Each structure stands twice: as structure tokens, then as C-alpha cells.
$ cat input-v1.txt   # compact mmCIF, C-alpha atoms and all ligand atoms
# COMPACT_ATOMS: atom_id res chain seq x y z
CA MET A 21 122.20 13.50 -8.75
CA SER A 22 119.97 14.16 -5.75
CA PRO A 23 116.83 16.28 -5.71
CA LYS A 24 116.94 19.67 -4.00
CA ILE A 25 114.06 21.91 -2.95
CA LEU A 26 114.82 25.29 -4.55
CA GLY A 27 111.65 27.17 -3.64
CA VAL A 28 108.24 26.72 -2.05
CA GLY A 29 104.88 28.52 -2.06
CA TYR A 30 101.22 28.08 -1.18
CA SER A 31 97.85 29.59 -1.90
CA VAL A 32 94.29 29.37 -0.59
CA PRO A 33 90.98 30.71 -1.87
CA ASP A 34 89.82 34.20 -0.80
CA HIS A 35 86.88 32.91 1.22
CA ARG A 36 87.70 32.08 4.86
CA VAL A 37 85.09 30.08 6.78
CA THR A 38 85.13 29.82 10.59
CA ASN A 39 83.55 27.07 12.69
CA GLN A 40 80.94 29.63 13.72
CA ASP A 41 80.16 30.30 10.03
CA LEU A 42 79.65 26.56 9.48
CA ALA A 43 77.38 26.35 12.53
CA GLN A 44 75.00 28.74 10.70
CA VAL A 45 74.34 26.11 8.01
CA ILE A 46 75.26 22.76 9.62
CA ASP A 47 74.18 21.27 12.96
CA THR A 48 77.59 21.71 14.59
CA ASN A 49 79.47 24.04 16.93
CA ASP A 50 82.95 25.49 17.43
CA ALA A 51 83.59 23.56 20.66
CA TRP A 52 82.93 20.13 19.05
CA ILE A 53 85.09 20.81 15.98
CA THR A 54 87.95 22.36 17.97
CA GLU A 55 88.04 19.66 20.62
CA ARG A 56 87.74 16.71 18.21
CA THR A 57 90.04 18.00 15.45
CA GLY A 58 91.93 21.20 16.33
CA ILE A 59 90.38 22.93 13.29
CA LYS A 60 89.12 26.53 13.70
CA THR A 61 88.95 27.88 10.13
CA ARG A 62 89.35 26.69 6.56
CA TYR A 63 89.27 28.34 3.11
CA LEU A 64 86.51 27.25 0.71
CA SER A 65 86.48 28.18 -2.94
CA ASN A 66 83.79 30.31 -4.52
CA HIS A 67 85.51 30.75 -7.88
CA GLU A 68 89.07 29.32 -7.77
CA ASN A 69 89.38 25.83 -9.25
CA THR A 70 92.19 23.38 -8.43
CA SER A 71 94.38 24.58 -11.31
CA ASP A 72 93.94 28.24 -10.26
CA LEU A 73 95.15 27.51 -6.72
CA ALA A 74 97.95 25.35 -8.13
CA VAL A 75 99.09 28.18 -10.43
CA MET A 76 99.17 30.74 -7.58
CA ALA A 77 101.19 28.39 -5.37
CA ALA A 78 103.53 27.59 -8.28
CA GLN A 79 104.14 31.28 -9.05
CA ARG A 80 105.13 31.86 -5.42
CA ALA A 81 107.43 28.81 -5.42
CA ILE A 82 109.09 29.97 -8.66
CA LYS A 83 109.63 33.43 -7.15
CA ASP A 84 111.05 31.86 -3.97
CA ALA A 85 113.41 29.67 -6.06
CA GLN A 86 114.55 32.66 -8.17
CA ILE A 87 114.72 30.53 -11.31
CA ASP A 88 113.79 31.16 -14.91
CA PRO A 89 110.44 29.30 -15.15
CA GLN A 90 111.28 28.22 -18.70
CA MET A 91 113.85 25.83 -17.16
CA ILE A 92 111.00 23.73 -15.77
CA ASP A 93 110.70 20.45 -17.67
CA CYS A 94 108.15 18.61 -15.52
CA ILE A 95 104.90 19.54 -13.74
CA LEU A 96 103.40 16.95 -11.44
CA VAL A 97 100.14 17.74 -9.66
CA ALA A 98 98.94 15.54 -6.80
CA THR A 99 95.17 15.94 -6.56
CA LEU A 100 91.97 14.02 -6.01
CA THR A 101 89.86 16.99 -7.14
CA PRO A 102 91.16 17.85 -10.63
CA ASP A 103 89.38 20.54 -12.69
CA ALA A 104 88.42 17.83 -15.18
CA MET A 105 88.97 14.14 -15.86
CA MET A 106 91.02 15.33 -18.81
CA PRO A 107 93.19 17.13 -19.58
CA CYS A 108 95.21 16.63 -16.43
CA THR A 109 95.50 19.60 -14.04
CA ALA A 110 99.25 19.75 -14.67
CA ALA A 111 98.60 20.53 -18.36
CA LEU A 112 96.27 23.37 -17.33
CA VAL A 113 98.97 24.68 -14.99
CA GLN A 114 101.50 24.59 -17.83
CA ALA A 115 99.14 26.56 -20.08
CA LYS A 116 98.26 29.16 -17.41
CA LEU A 117 101.94 29.66 -16.54
CA ASN A 118 102.81 29.86 -20.25
CA LEU A 119 105.68 27.38 -19.89
CA ASN A 120 107.05 26.20 -23.20
CA SER A 121 110.42 24.58 -22.67
CA GLN A 122 111.90 22.28 -25.32
CA ARG A 123 110.64 19.22 -23.47
CA MET A 124 107.90 19.04 -20.87
CA MET A 125 106.43 16.11 -18.95
CA VAL A 126 103.11 16.83 -17.23
CA PHE A 127 100.85 14.50 -15.30
CA ASP A 128 98.53 14.24 -12.29
CA LEU A 129 98.79 11.69 -9.53
CA ASN A 130 95.99 10.68 -7.16
CA GLY A 131 97.32 9.32 -3.90
CA ALA A 132 94.67 11.18 -1.85
CA CYS A 133 96.21 12.64 1.33
CA SER A 134 99.52 10.84 0.65
CA GLY A 135 99.59 12.22 -2.89
CA PHE A 136 102.23 14.89 -2.34
CA ILE A 137 104.67 12.40 -0.79
CA LEU A 138 104.12 10.00 -3.70
CA ALA A 139 104.75 12.95 -6.05
CA LEU A 140 108.06 13.78 -4.31
CA GLN A 141 109.11 10.12 -4.50
CA THR A 142 108.23 10.02 -8.23
CA ILE A 143 110.14 13.24 -8.96
CA ASP A 144 113.17 11.96 -7.07
CA ALA A 145 113.23 8.88 -9.34
CA LEU A 146 112.74 10.98 -12.49
CA ILE A 147 115.56 13.35 -11.47
CA GLN A 148 117.89 10.49 -10.62
CA SER A 149 117.18 8.83 -13.98
CA GLY A 150 118.10 12.09 -15.75
CA GLN A 151 114.68 12.35 -17.38
CA VAL A 152 113.80 15.54 -15.47
CA THR A 153 116.07 18.38 -14.39
CA MET A 154 113.72 21.00 -12.88
CA ALA A 155 110.24 20.12 -11.65
CA LEU A 156 107.19 21.84 -10.26
CA VAL A 157 105.67 19.47 -7.71
CA ILE A 158 102.25 20.62 -6.58
CA GLY A 159 99.57 19.38 -4.20
CA ALA A 160 96.28 21.13 -4.97
CA GLU A 161 92.67 20.55 -3.98
CA THR A 162 89.19 22.01 -4.11
CA LEU A 163 87.68 19.46 -1.75
CA SER A 164 84.68 21.76 -1.20
CA LYS A 165 83.26 20.51 -4.50
CA ILE A 166 82.93 16.94 -3.19
CA LEU A 167 81.73 17.73 0.35
CA ASP A 168 78.23 16.74 1.41
CA TYR A 169 77.06 19.66 3.56
CA SER A 170 74.34 17.47 5.05
CA ASP A 171 77.03 15.17 6.55
CA ARG A 172 78.46 17.06 9.54
CA SER A 173 81.01 14.35 10.30
CA THR A 174 82.94 15.16 7.10
CA ALA A 175 81.85 18.67 6.02
CA VAL A 176 83.61 20.41 8.90
CA LEU A 177 86.99 18.75 8.37
CA PHE A 178 88.17 19.78 4.93
CA GLY A 179 89.42 22.90 3.17
CA ASP A 180 90.77 24.02 -0.22
CA GLY A 181 94.31 25.10 -1.09
CA ALA A 182 97.54 24.35 -2.91
CA GLY A 183 101.23 24.06 -2.10
CA ALA A 184 104.13 23.86 -4.54
CA PHE A 185 107.82 22.94 -4.51
CA VAL A 186 110.35 23.75 -7.23
CA VAL A 187 112.67 20.75 -7.18
CA GLY A 188 116.00 20.85 -9.01
CA GLN A 189 119.05 18.59 -9.02
CA ASP A 190 122.18 18.81 -6.95
CA GLN A 191 125.42 16.85 -6.69
CA ILE A 192 126.20 17.48 -3.04
CA CYS A 193 122.75 17.29 -1.43
CA LYS A 194 122.06 14.20 0.66
CA PRO A 195 119.65 11.79 -1.03
CA TRP A 196 116.06 11.78 0.19
CA VAL A 197 114.95 8.67 2.10
CA HIS A 198 111.52 7.29 1.26
CA PHE A 199 108.95 4.91 2.68
CA VAL A 200 105.53 3.96 1.32
CA ASN A 201 102.99 1.25 2.03
CA THR A 202 99.37 0.57 1.13
CA GLN A 203 96.64 -1.53 2.61
CA GLY A 204 94.20 -1.95 -0.30
CA ASP A 205 90.87 -0.75 1.08
CA THR A 206 87.83 -2.88 0.33
CA GLU A 207 85.78 -1.43 3.21
CA GLN A 208 85.09 2.00 1.69
CA THR A 209 86.87 3.54 4.70
CA LEU A 210 87.54 6.83 2.92
CA THR A 211 86.04 7.10 -0.52
CA THR A 212 84.52 9.29 -3.22
CA ASP A 213 82.62 7.72 -6.11
CA GLY A 214 83.83 8.17 -9.66
CA VAL A 215 81.70 8.27 -12.76
CA GLU A 216 79.16 5.51 -12.39
CA LEU A 217 79.08 2.49 -14.61
CA ASN A 218 75.47 2.72 -15.74
CA GLY A 219 75.58 0.18 -18.54
CA SER A 220 76.16 1.05 -22.15
CA LEU A 221 73.88 3.75 -23.67
CA ARG A 222 72.49 4.64 -20.20
CA ASN A 223 74.66 7.41 -18.69
CA ILE A 224 73.05 9.89 -16.28
CA GLN A 225 73.93 13.62 -16.31
CA GLY A 226 75.40 15.52 -13.34
CA GLN A 227 75.55 13.70 -10.01
CA THR A 228 78.04 15.07 -7.45
CA PRO A 229 80.25 12.30 -6.06
CA TYR A 230 80.52 13.00 -2.34
CA LEU A 231 83.38 12.20 0.01
CA ARG A 232 82.40 9.48 2.52
CA MET A 233 84.38 8.45 5.57
CA LYS A 234 84.28 5.98 8.46
CA GLY A 235 85.81 8.45 10.90
CA GLN A 236 86.83 6.16 13.73
CA ALA A 237 88.35 3.54 11.39
CA VAL A 238 90.36 6.29 9.68
CA PHE A 239 91.47 7.63 13.07
CA ARG A 240 92.75 4.20 14.19
CA PHE A 241 94.52 3.66 10.86
CA ALA A 242 96.08 7.14 10.93
CA VAL A 243 97.62 6.82 14.40
CA LYS A 244 99.32 3.55 13.41
CA ALA A 245 100.27 4.83 9.95
CA VAL A 246 102.04 8.01 11.11
CA GLU A 247 104.03 6.09 13.72
CA ASP A 248 104.94 3.35 11.23
CA ALA A 249 106.05 5.83 8.55
CA ILE A 250 108.27 7.72 11.02
CA ARG A 251 109.80 4.51 12.43
CA GLN A 252 110.47 3.09 8.93
CA ILE A 253 112.19 6.31 7.85
CA LEU A 254 114.34 6.36 11.00
CA LEU A 255 115.32 2.74 10.40
CA LYS A 256 116.22 3.34 6.74
CA SER A 257 118.18 6.52 7.45
CA ASN A 258 119.87 5.25 10.60
CA LEU A 259 118.78 8.37 12.49
CA SER A 260 117.17 8.59 15.92
CA ILE A 261 114.03 10.62 16.60
CA GLU A 262 116.21 13.11 18.53
CA GLU A 263 118.12 13.81 15.30
CA ILE A 264 114.91 14.84 13.51
CA ASP A 265 114.32 18.58 13.78
CA LEU A 266 110.81 18.76 12.35
CA ILE A 267 108.06 16.41 11.25
CA ILE A 268 105.64 17.89 8.74
CA PRO A 269 102.61 15.58 8.70
CA HIS A 270 99.42 15.59 6.70
CA GLN A 271 97.16 18.04 8.54
CA ALA A 272 94.08 15.92 9.26
CA ASN A 273 93.57 16.12 12.98
CA ALA A 274 95.61 17.40 15.95
CA ARG A 275 94.44 14.49 18.12
CA ILE A 276 95.94 11.91 15.73
CA LEU A 277 99.31 13.64 16.09
CA SER A 278 99.16 13.99 19.87
CA HIS A 279 98.49 10.22 20.13
CA VAL A 280 101.59 9.56 17.99
CA ALA A 281 103.80 11.97 19.94
CA GLU A 282 102.71 10.41 23.20
CA LYS A 283 103.29 6.86 21.93
CA MET A 284 106.69 7.64 20.46
CA LYS A 285 107.64 9.84 23.43
CA PHE A 286 108.67 12.99 21.61
CA PRO A 287 107.47 16.57 22.18
CA MET A 288 104.46 17.79 20.17
CA ASP A 289 106.44 20.81 18.98
CA LYS A 290 108.41 18.54 16.62
CA PHE A 291 105.20 18.47 14.56
CA VAL A 292 104.49 21.43 12.30
CA MET A 293 100.73 21.99 12.57
CA ASN A 294 98.42 24.45 10.85
CA MET A 295 95.12 22.55 10.57
CA ASP A 296 93.64 25.14 12.94
CA GLU A 297 93.87 27.65 10.08
CA PHE A 298 93.46 25.53 6.90
CA GLY A 299 91.62 22.32 7.91
CA ASN A 300 92.46 19.16 6.01
CA THR A 301 93.47 20.09 2.45
CA SER A 302 94.43 16.52 1.46
CA SER A 303 97.37 16.45 -0.97
CA ALA A 304 97.94 20.20 -0.46
CA SER A 305 98.38 20.06 3.30
CA ILE A 306 102.04 19.01 3.51
CA PRO A 307 103.43 21.55 0.99
CA ILE A 308 101.25 24.29 2.51
CA ALA A 309 102.59 23.46 5.99
CA TYR A 310 106.18 23.35 4.66
CA ALA A 311 105.88 26.66 2.81
CA GLN A 312 104.21 28.38 5.74
CA ALA A 313 106.85 27.04 8.16
CA LYS A 314 109.57 28.35 5.83
CA SER A 315 107.95 31.78 5.62
CA LYS A 316 107.84 31.87 9.44
CA GLY A 317 111.60 31.16 9.57
CA LEU A 318 111.17 27.68 11.09
CA ILE A 319 113.14 25.87 8.38
CA HIS A 320 116.94 26.20 8.24
CA GLN A 321 119.94 24.72 6.47
CA ASP A 322 121.21 21.40 7.94
CA MET A 323 117.81 20.43 9.34
CA ASN A 324 116.48 16.87 9.10
CA ILE A 325 112.79 17.01 8.20
CA ILE A 326 110.40 14.09 7.83
CA LEU A 327 107.25 14.61 5.73
CA VAL A 328 104.44 12.11 6.42
CA GLY A 329 101.23 11.49 4.48
CA PHE A 330 98.34 9.13 5.21
CA GLY A 331 94.82 8.68 3.91
CA ALA A 332 92.55 6.99 1.40
CA GLY A 333 93.90 3.91 -0.28
CA LEU A 334 94.69 3.25 2.48
CA ILE A 335 98.14 4.67 1.73
CA TRP A 336 100.78 5.94 4.13
CA ALA A 337 104.15 7.36 3.12
CA GLY A 338 107.08 9.39 4.34
CA THR A 339 110.14 11.18 2.98
CA LEU A 340 113.19 12.38 4.90
CA ILE A 341 114.78 15.53 3.55
CA GLU A 342 118.22 16.43 4.94
CA LEU A 343 118.60 20.10 4.03
C1 LIG A 401 85.62 12.51 12.36
C2 LIG A 401 85.99 12.50 13.84
C3 LIG A 401 86.48 13.89 14.23
C4 LIG A 401 84.74 12.17 14.64
O1 LIG A 401 85.06 12.14 16.01
P1 LIG A 401 84.52 10.94 16.91
O2 LIG A 401 84.97 11.20 18.28
O3 LIG A 401 84.92 9.66 16.26
O4 LIG A 401 83.00 11.20 16.83
P2 LIG A 401 81.82 10.16 16.43
O5 LIG A 401 81.82 9.91 14.97
O6 LIG A 401 81.88 8.98 17.37
O7 LIG A 401 80.56 11.02 16.83
C5 LIG A 401 80.31 11.42 18.15
C6 LIG A 401 79.07 12.29 18.19
O8 LIG A 401 79.38 13.55 17.58
C7 LIG A 401 78.41 13.85 16.58
N1 LIG A 401 79.03 14.64 15.52
C8 LIG A 401 79.66 14.22 14.40
N2 LIG A 401 80.11 15.28 13.70
C9 LIG A 401 79.76 16.38 14.40
C10 LIG A 401 79.91 17.75 14.17
N3 LIG A 401 80.57 18.23 13.11
N4 LIG A 401 79.43 18.60 15.11
C11 LIG A 401 78.78 18.17 16.20
N5 LIG A 401 78.58 16.87 16.46
C12 LIG A 401 79.07 15.98 15.57
C13 LIG A 401 77.96 12.48 16.09
O9 LIG A 401 76.70 12.56 15.46
C14 LIG A 401 77.91 11.71 17.37
O10 LIG A 401 76.74 12.05 18.06
P3 LIG A 401 75.94 10.94 18.92
O11 LIG A 401 76.91 10.52 20.01
O12 LIG A 401 74.78 11.69 19.42
O13 LIG A 401 75.64 9.84 17.97
C15 LIG A 401 87.08 11.45 14.16
O14 LIG A 401 86.57 10.15 13.98
C16 LIG A 401 88.29 11.63 13.30
O15 LIG A 401 88.99 12.61 13.42
N6 LIG A 401 88.60 10.66 12.40
C17 LIG A 401 89.69 10.77 11.50
C18 LIG A 401 89.24 11.64 10.34
C19 LIG A 401 90.37 12.03 9.45
O16 LIG A 401 91.39 12.46 9.90
N7 LIG A 401 90.12 11.90 8.14
C20 LIG A 401 91.02 12.28 7.12
C21 LIG A 401 92.17 11.35 7.03
S1 LIG A 401 93.12 11.73 5.65
$ encode --input "input-v1.txt" --output "C-alpha cells"
Amino acid sequence: MSPKILGVGYSVPDHRVTNQDLAQVIDTNDAWITERTGIKTRYLSNHENTSDLAVMAAQRAIKDAQIDPQMIDCILVATLTPDAMMPCTAALVQAKLNLNSQRMMVFDLNGACSGFILALQTIDALIQSGQVTMALVIGAETLSKILDYSDRSTAVLFGDGAGAFVVGQDQICKPWVHFVNTQGDTEQTLTTDGVELNGSLRNIQGQTPYLRMKGQAVFRFAVKAVEDAIRQILLKSNLSIEEIDLIIPHQANARILSHVAEKMKFPMDKFVMNMDEFGNTSSASIPIAYAQAKSKGLIHQDMNIILVGFGAGLIWAGTLIEL
């Protein structure tokens, strides 16, 4: 059995924030953000939490797949900004969608900006083992709740959103080809604190753990990581770059991708890009870009598509889907 994408969907919060809007509250400007990153707008949540965005994206993916939602027996949410430390966001999604099949596996996975690729790789294994037959695979984030709006080098980059795939099983689909690697990060290159260890009987109420980043180190890592993931996938699948129709990368920064395209000598239009509209939505960015590309008619039968994630960990990962 191979996995098959049956439907896709995405959602973002109501509130759209332009670079000019940010410049009202942060010492920044549209020209700097656009030139350095390619980002023009992003959506930031006022009231939607991660599970709310995940549910909206999931409903659209279920509609796109035209399946009975009660057939779903697994919900996997990739997120680094869950609603709560427990229960997992996937359990909240199950409850909000009112899914009550005879057996149901739900869990969250935190692989930061590579999270959605790790989720696809996990679901592939669960489908092949026969443990899961129909899965909702979701990348969902409300990164706005961990942004430090006094740090202009990070606050302008990120946005909120969710993307979802319904993944079923198929006997004739070509198997997906995966690659993943990690370079355990001891340098706090891209990090957000967890609950502090204060010593027993000494916990402190309510401190927001902010996202922190060494921008240039991440940039250097990302350029190498995207190229490596693409080359490893080509090697494993015995395909050439010319045989790849689309590459859907994590939407961090347009300049990272133009460096890769130049180095690997392929045209930029092989990359699906929408960071201008959504910013960097971490684990949600790849499924949002896929679902938006599909709704624009850019994705067709018989295409070879590589999905590539990279980010905190430092993790980088790719999956080839031959439709
Ligand atoms: C974050 C990033 C855009 C910064 O670009 P950069 O060219 O490295 O910029 P620097 O950090 O060297 O800063 C250059 C100047 O811009 C300023 N600056 C930083 N953020 C700014 C902002 N939002 N607006 C205006 N100026 C800004 C800095 O203070 C610095 O000013 P100075 O020269 O007076 O000291 C870039 O490093 C990057 O894209 N890194 C990868 C980030 C990423 O993709 N993260 C997610 C991975 S999953």
C-alpha cells in the first residue's frame, strides 16, 4: 500500500497585516522587509488558536477529498505552537470535528519548520504498516503568540495559518521517496524556551517564551539544507532535476530559494512561493503552499513534486510525491 493525497485545504486568521501596518508599531519599513525576505503581508491571529485554524483547514481538505470524515482513523498535527501542552492539538481537532470512528490515533509532532514533512513521512510508515487507513495530516501554527514585537529581526518574518492533507491508501500509486537529516543544535540558532526548570516548589506564573533566531546562521544553514534535501531525493529516486515539475519548499525567505536555484542551475519558477502573502508559517507553510497551488490549477496528475522543509533542530527533510 502506498499513501495517496486525496484532498487538501488551508486556512488563515481573519486579520491581514501588511509591512506598512507593522511599520506603525515596529522600527521597520516595507522596503527592508521586501528586499531581504520577499514578504509583503502575513495573517496574525486575534482570536483563532492553532486548533481553530487546523479545523478550518481540515474541513476544506475533507471537502476537497469528498470522503466521509468518519473514515478518518488518524489525526497528526505538526505544530510548535499548540493550544496547550496537553491535550495534544490533534485531540482538540478530533473533538471539534466530531470524529468518532471505531479506532482513532491522534498525536502532535514538533519538527518546527520541517514538521509537516516529518508528519508525511510518519503517516506513510503508519499506512504501509496497515495501522492507519485514512489520515488527516495537518501543519498548523499561531506563531504570533511567541513573537517578540520588540525584536524587529524576527517579528516581521512570521505569520499564522494551517494547511491540511487527507491521506488515504492506494495500490497503484508510486511510493513516496523521503529524506531527512538533523544537525543537533547546541548554539540556540533558532529557539523558543519551554517551561522553565525553576527548582522544585518554585514555579513562576505566566512568562511568554519568545522565538529567538541567529538570522545569518539560519540563512547559511537553509541554503545548504534545501540544496542537500533536493539532491538526496533526486539520488534516491533516480530522477534528474529536469524531471521534477514543482518544488514546494518551506516559505521562509525568497532569497534563500533564489540562492539555491542559482547554485543548482534551475529556473526559479520551479519553486512554488507564497511567502509574499503569508510570511513564514513554519509547519503550516508547505501544506498551505500546496493547497493554494492546487486551487490555482498548478498541480496536475502525473507531476513529480518535491516538498522540502528546513528549520529549527536543525532539521531538514524532503519528500517526493509522484502524482
Ligand atoms: C533575518 C534576515 C532577513 C536578516 O537579514 P540580514 O541581511 O542578515 O540582516 P542583518 O541581521 O545583518 O541586519 C542588517 C541591518 O538591518 C537591521 N534590521 C534587522 N531587522 C530589520 C527590520 N525588520 N527592519 C529594518 N531593519 C532591520 C539590523 O538592525 C541591521 O542594522 P545595522 O546594520 O544598523 O546593525 C536574514 O538573516 C534571514 O533571512 N535569515 C534567515 C531567517 C529565516 O529564514 N528563518 C526561518 C528559518 S525556518
$ residues_near_ligand --input "input-v1.txt" --ligand "ligand LIG 401 (chain A)" --cutoff "8 Å" --atoms "all atoms listed in the file" --output "JSON, numbers by chain"
{"A": [46, 47, 48, 49, 52, 53, 56, 57, 132, 133, 171, 172, 173, 174, 175, 176, 177, 210, 233, 234, 235, 236, 237, 238, 239, 240, 242, 270, 272, 273, 275, 276, 300, 302, 330, 331, 332]}
$ residues_around --input "input-v1.txt" --residues "Phe298 of chain A" --least-positions-apart "4" --cutoff "9 Å" --atoms "all atoms listed in the file" --output "PDB file with C-alpha atoms, in the coordinates of the input"
ATOM      1  CA  VAL A  32      94.290  29.370  -0.590  1.00  0.00           C
ATOM      2  CA  ARG A  36      87.700  32.080   4.860  1.00  0.00           C
ATOM      3  CA  ILE A  59      90.380  22.930  13.290  1.00  0.00           C
ATOM      4  CA  LYS A  60      89.120  26.530  13.700  1.00  0.00           C
ATOM      5  CA  THR A  61      88.950  27.880  10.130  1.00  0.00           C
ATOM      6  CA  ARG A  62      89.350  26.690   6.560  1.00  0.00           C
ATOM      7  CA  TYR A  63      89.270  28.340   3.110  1.00  0.00           C
ATOM      8  CA  PHE A 178      88.170  19.780   4.930  1.00  0.00           C
ATOM      9  CA  GLY A 179      89.420  22.900   3.170  1.00  0.00           C
ATOM     10  CA  ASP A 180      90.770  24.020  -0.220  1.00  0.00           C
ATOM     11  CA  GLY A 181      94.310  25.100  -1.090  1.00  0.00           C
ATOM     12  CA  GLN A 271      97.160  18.040   8.540  1.00  0.00           C
ATOM     13  CA  ASN A 294      98.420  24.450  10.850  1.00  0.00           C
ATOM     14  CA  SER A 305      98.380  20.060   3.300  1.00  0.00           C
TER      15      SER A 305
END
$ residues_around --input "input-v1.txt" --residues "Met124 of chain A" --least-positions-apart "5" --cutoff "10 Å" --atoms "all atoms listed in the file" --output "list in words"
Met91, Ile92, Asp93, Cys94, Ile95, Ala111, Gln114, Leu119, Val152 and Ala155 of chain A
$ closest_residue --input "input-v1.txt" --among "A:Val126, A:Met105, A:Ile325, A:Ile137" --to "Ile306 of chain A" --atoms "all atoms listed in the file"
A:Ile137
$ residues_around --input "input-v1.txt" --residues "segment 307-317 of chain A" --least-positions-apart "6" --cutoff "6 Å" --atoms "only C-alpha atoms" --output "ChimeraX atom specification"
/A:28-30,183
$ closest_residue --input "input-v1.txt" --among "A:Thr339, A:Asn66, A:Ser303, A:Gln208" --to "Ile250 of chain A" --atoms "only C-alpha atoms"
A:Thr339
$ residues_around --input "input-v1.txt" --residues "Gly150 of chain A" --least-positions-apart "4" --cutoff "9 Å" --atoms "all atoms listed in the file" --output "ChimeraX atom specification"
/A:21,145-146
$ closest_residue --input "input-v1.txt" --among "A:Ser257, A:Gln227, A:Thr109, A:Ser65" --to "Gly338 of chain A" --atoms "all atoms listed in the file"
A:Ser257
$ build_atoms --input "input-v1.txt" --residues "segment 136-153 of chain A" --atoms "N, CA and C atoms" --output "compact mmCIF listing (two decimals), keeping the file's coordinate frame"
# COMPACT_ATOMS: atom_id res chain seq x y z
N PHE A 136 101.06 14.03 -2.16
CA PHE A 136 102.23 14.89 -2.34
C PHE A 136 103.52 14.11 -2.05
N ILE A 137 103.47 13.20 -1.08
CA ILE A 137 104.67 12.40 -0.79
C ILE A 137 104.96 11.46 -1.98
N LEU A 138 103.91 10.86 -2.52
CA LEU A 138 104.12 10.00 -3.70
C LEU A 138 104.68 10.83 -4.86
N ALA A 139 104.24 12.08 -4.98
CA ALA A 139 104.75 12.95 -6.05
C ALA A 139 106.24 13.25 -5.83
N LEU A 140 106.63 13.52 -4.59
CA LEU A 140 108.06 13.78 -4.31
C LEU A 140 108.89 12.53 -4.62
N GLN A 141 108.36 11.37 -4.27
CA GLN A 141 109.11 10.12 -4.50
C GLN A 141 109.25 9.87 -6.01
N THR A 142 108.19 10.20 -6.76
CA THR A 142 108.23 10.02 -8.23
C THR A 142 109.24 10.99 -8.85
N ILE A 143 109.22 12.23 -8.39
CA ILE A 143 110.14 13.24 -8.96
C ILE A 143 111.58 12.89 -8.65
N ASP A 144 111.81 12.39 -7.43
CA ASP A 144 113.17 11.96 -7.07
C ASP A 144 113.67 10.93 -8.10
N ALA A 145 112.83 9.93 -8.39
CA ALA A 145 113.23 8.88 -9.34
C ALA A 145 113.46 9.47 -10.74
N LEU A 146 112.61 10.39 -11.15
CA LEU A 146 112.74 10.98 -12.49
C LEU A 146 114.00 11.85 -12.58
N ILE A 147 114.34 12.53 -11.48
CA ILE A 147 115.56 13.35 -11.47
C ILE A 147 116.78 12.45 -11.47
N GLN A 148 116.73 11.40 -10.66
CA GLN A 148 117.89 10.49 -10.62
C GLN A 148 118.11 9.77 -11.94
N SER A 149 117.03 9.52 -12.68
CA SER A 149 117.18 8.83 -13.98
C SER A 149 117.64 9.80 -15.06
N GLY A 150 117.66 11.10 -14.76
CA GLY A 150 118.10 12.09 -15.75
C GLY A 150 116.98 12.53 -16.67
N GLN A 151 115.78 12.01 -16.47
CA GLN A 151 114.68 12.35 -17.38
C GLN A 151 114.13 13.75 -17.11
N VAL A 152 114.30 14.22 -15.86
CA VAL A 152 113.80 15.54 -15.47
C VAL A 152 114.93 16.29 -14.79
N THR A 153 115.01 17.61 -15.05
CA THR A 153 116.07 18.38 -14.39
C THR A 153 115.51 19.44 -13.44
